[in-house]
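Colleague: Okay, here's the structure, questions in a sec.
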Amino acid sequence: MMTMRERIASVKLFTDYCEGLPEDRSNAKRRMMAFNTIGPDNLEERVRLMNEIFGKETKAWIEPPFYFCYGTNIEIGEGTYLNFNCNFVDDTKIIIGKNVLFGPAVTIATVGHPINPNYREYMYADPVKVGDNCWIGAGSIICPGVTIGENSVIGAGSVVTKDIPANSVAVGNPCKVLRTINEHDLKYYYKDREITQEDLDEEASLR
């Protein structure tokens, strides 16, 4: 017979009232509250708390407030940036690659419930993966079991219910691929605003 934690990892129906799961969530909430109330100048303590939340050294930047269930089910790659008010429902793994940009108020939910109301008390949890170099627009929602391929862009306010392939621009509810990243994107950064070496050099000189 499986344990409840093994059921969660196997995407089986589960409830979360046993095997130390409530205690784990309570401990996570204490860490979350500490992280979300720390002063903006206390960077050393912010890094310490972030490593404690995830259970290992994490070289990302997270703007508080940041909300989660356990924290220890979240893996975030180096150079990733989370803007404020991101919400991660991490009853199972959320794996985020390197150099990913999250706009404000992005939700990743690994948990769902049966549609049949007679079984609505149960849950299932399906991992979410976001590849390297993605940009997830503000207010997007990523649903259980979704994988977003590397380099892809998810438009603001999208609801991602299915996998998105690498090198895609995807938008909408439900989120669908609009186009692939192409040569136009090498030349222009926004509408008709062109990327030039002269402009990049000027920006670099101001740092």
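Chain lettering (A, B, ...) mirrors the order of the structure tokens, residue numbering begins at 1 for each chain separately, and ligand numbering begins at 1 in order of display.
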Which residues are close to A:Arg25, i.e. within 10 Å by only C-alpha atoms, leaving aside same-chain residues fewer than 5 positions away? Reply as a PDB file with N, CA and C atoms, in the first residue's frame.

Modeller:
```pdb
ATOM      1  N   ASP A  16      -4.875  15.794   2.495  1.00  0.00           N
ATOM      2  CA  ASP A  16      -3.591  16.264   3.051  1.00  0.00           C
ATOM      3  C   ASP A  16      -3.669  16.525   4.555  1.00  0.00           C
ATOM      4  N   GLY A  20       2.182  14.234   8.564  1.00  0.00           N
ATOM      5  CA  GLY A  20       2.952  15.447   8.794  1.00  0.00           C
ATOM      6  C   GLY A  20       2.730  16.548   7.776  1.00  0.00           C
ATOM      7  N   ARG A  30       5.041  29.973   8.286  1.00  0.00           N
ATOM      8  CA  ARG A  30       5.885  30.807   9.142  1.00  0.00           C
ATOM      9  C   ARG A  30       7.055  31.381   8.354  1.00  0.00           C
ATOM     10  N   ARG A  31       7.666  30.556   7.509  1.00  0.00           N
ATOM     11  CA  ARG A  31       8.768  31.054   6.677  1.00  0.00           C
ATOM     12  C   ARG A  31       8.257  32.093   5.685  1.00  0.00           C
ATOM     13  N   PHE A  68       3.023  30.465  -1.183  1.00  0.00           N
ATOM     14  CA  PHE A  68       3.226  29.067  -1.560  1.00  0.00           C
ATOM     15  C   PHE A  68       2.631  28.174  -0.475  1.00  0.00           C
ATOM     16  N   CYS A  69       2.565  26.862  -0.750  1.00  0.00           N
ATOM     17  CA  CYS A  69       2.023  25.899   0.219  1.00  0.00           C
ATOM     18  C   CYS A  69       3.119  25.250   1.062  1.00  0.00           C
ATOM     19  N   TYR A  70       4.159  24.757   0.404  1.00  0.00           N
ATOM     20  CA  TYR A  70       5.234  24.039   1.084  1.00  0.00           C
ATOM     21  C   TYR A  70       6.605  24.677   0.860  1.00  0.00           C
ATOM     22  N   GLY A  71       6.841  25.168  -0.327  1.00  0.00           N
ATOM     23  CA  GLY A  71       8.141  25.750  -0.640  1.00  0.00           C
ATOM     24  C   GLY A  71       9.173  24.719  -1.056  1.00  0.00           C
ATOM     25  N   ASP A  91       1.774  21.519  -4.077  1.00  0.00           N
ATOM     26  CA  ASP A  91       1.577  20.224  -3.422  1.00  0.00           C
ATOM     27  C   ASP A  91       2.447  19.149  -4.055  1.00  0.00           C
TER      28      ASP A  91
END
```

Colleague: Per residue of stretch 82-102 of chain A within 9 Å of stretch 137-151 of chain A, what are the shortest atom pair and its distance in Å to one decimal, counting only C-alpha atoms, with rows by chain and residue number, as a tab-separated table?

Modeller:
```
residue	atom	partner	partner_atom	distance
A:Asn83	CA	A:Ala138	CA	8.7
A:Cys86	CA	A:Gly139	CA	8.7
A:Gly97	CA	A:Glu150	CA	8.2
A:Val100	CA	A:Asn151	CA	8.5
A:Leu101	CA	A:Gly137	CA	8.2
A:Phe102	CA	A:Gly137	CA	6.3
```

Colleague: Contacts of A:Asn73 at 6 Å or less, counting only C-alpha atoms, minus same-chain residues fewer than 3 places along, as a count of residues only?

Modeller: 3

Colleague: Neighbours of stretch 180-197 of chain A within 8 Å (only C-alpha atoms; same-chain residues fewer than 6 positions away dropped), as number ranges by chain?

Modeller: A: 152, 167-169

Colleague: Would you give me, as a ChimeraX atom specification, the residues in stretch 42-196 of chain A that DSSP reads as strand (DSSP E)?

Modeller: /A:61-62,66-68,74-76,81-82,86-89,94-96,101-102,107-109,111-112,124-125,128-130,135-136,141-142,147-148,153-154,159-160,168-171,176-180,188-190,193-194

Colleague: Got a sec to tell me which of stretch 40-115 of chain A DSSP assigns to helix (DSSP H, G or I), as a PyMOL selection string?

Modeller: chain A and resi 43-54

Colleague: Taking into account only C-alpha atoms, which residue in the set A:Val177, A:Ile136, A:Met50, A:Ile74 is nearest to A:Thr110?

Modeller: A:Ile74

Colleague: Here is a test: counting only C-alpha atoms, which residue of A:Pro22, A:Phe14, A:Arg7, A:Glu78 is nearest to A:Glu121?

Modeller: A:Phe14

Colleague: Name the closest residue to A:Thr80 among the candidates A:Ala105, A:Val128, A:Cys134, A:Ile94; distances are taken between atoms, counting only C-alpha atoms.

Modeller: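 With only C-alpha atoms as the atom set, the closest residue is A:Cys134.
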
Colleague: So the first atom is atom CA of A:Ile96 and the second is atom CA of A:Asn133; what is the distance between them in Å, to one decimal place?

Modeller: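 Here the two named atoms are 9.7 Å from each other.
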
Colleague: Would you work out the distance separating atom CA of A:Asn173 from atom CA of A:Val153, expressed in Å to one decimal?

Modeller: 14.6 Å

Colleague: Between A:Glu63, A:Ile108, A:Ala204, A:Asp199, single out the one closest to A:Gly39, counting only C-alpha atoms.

Modeller: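 Of the candidates, the smallest distance to A:Gly39 is held by A:Glu63.
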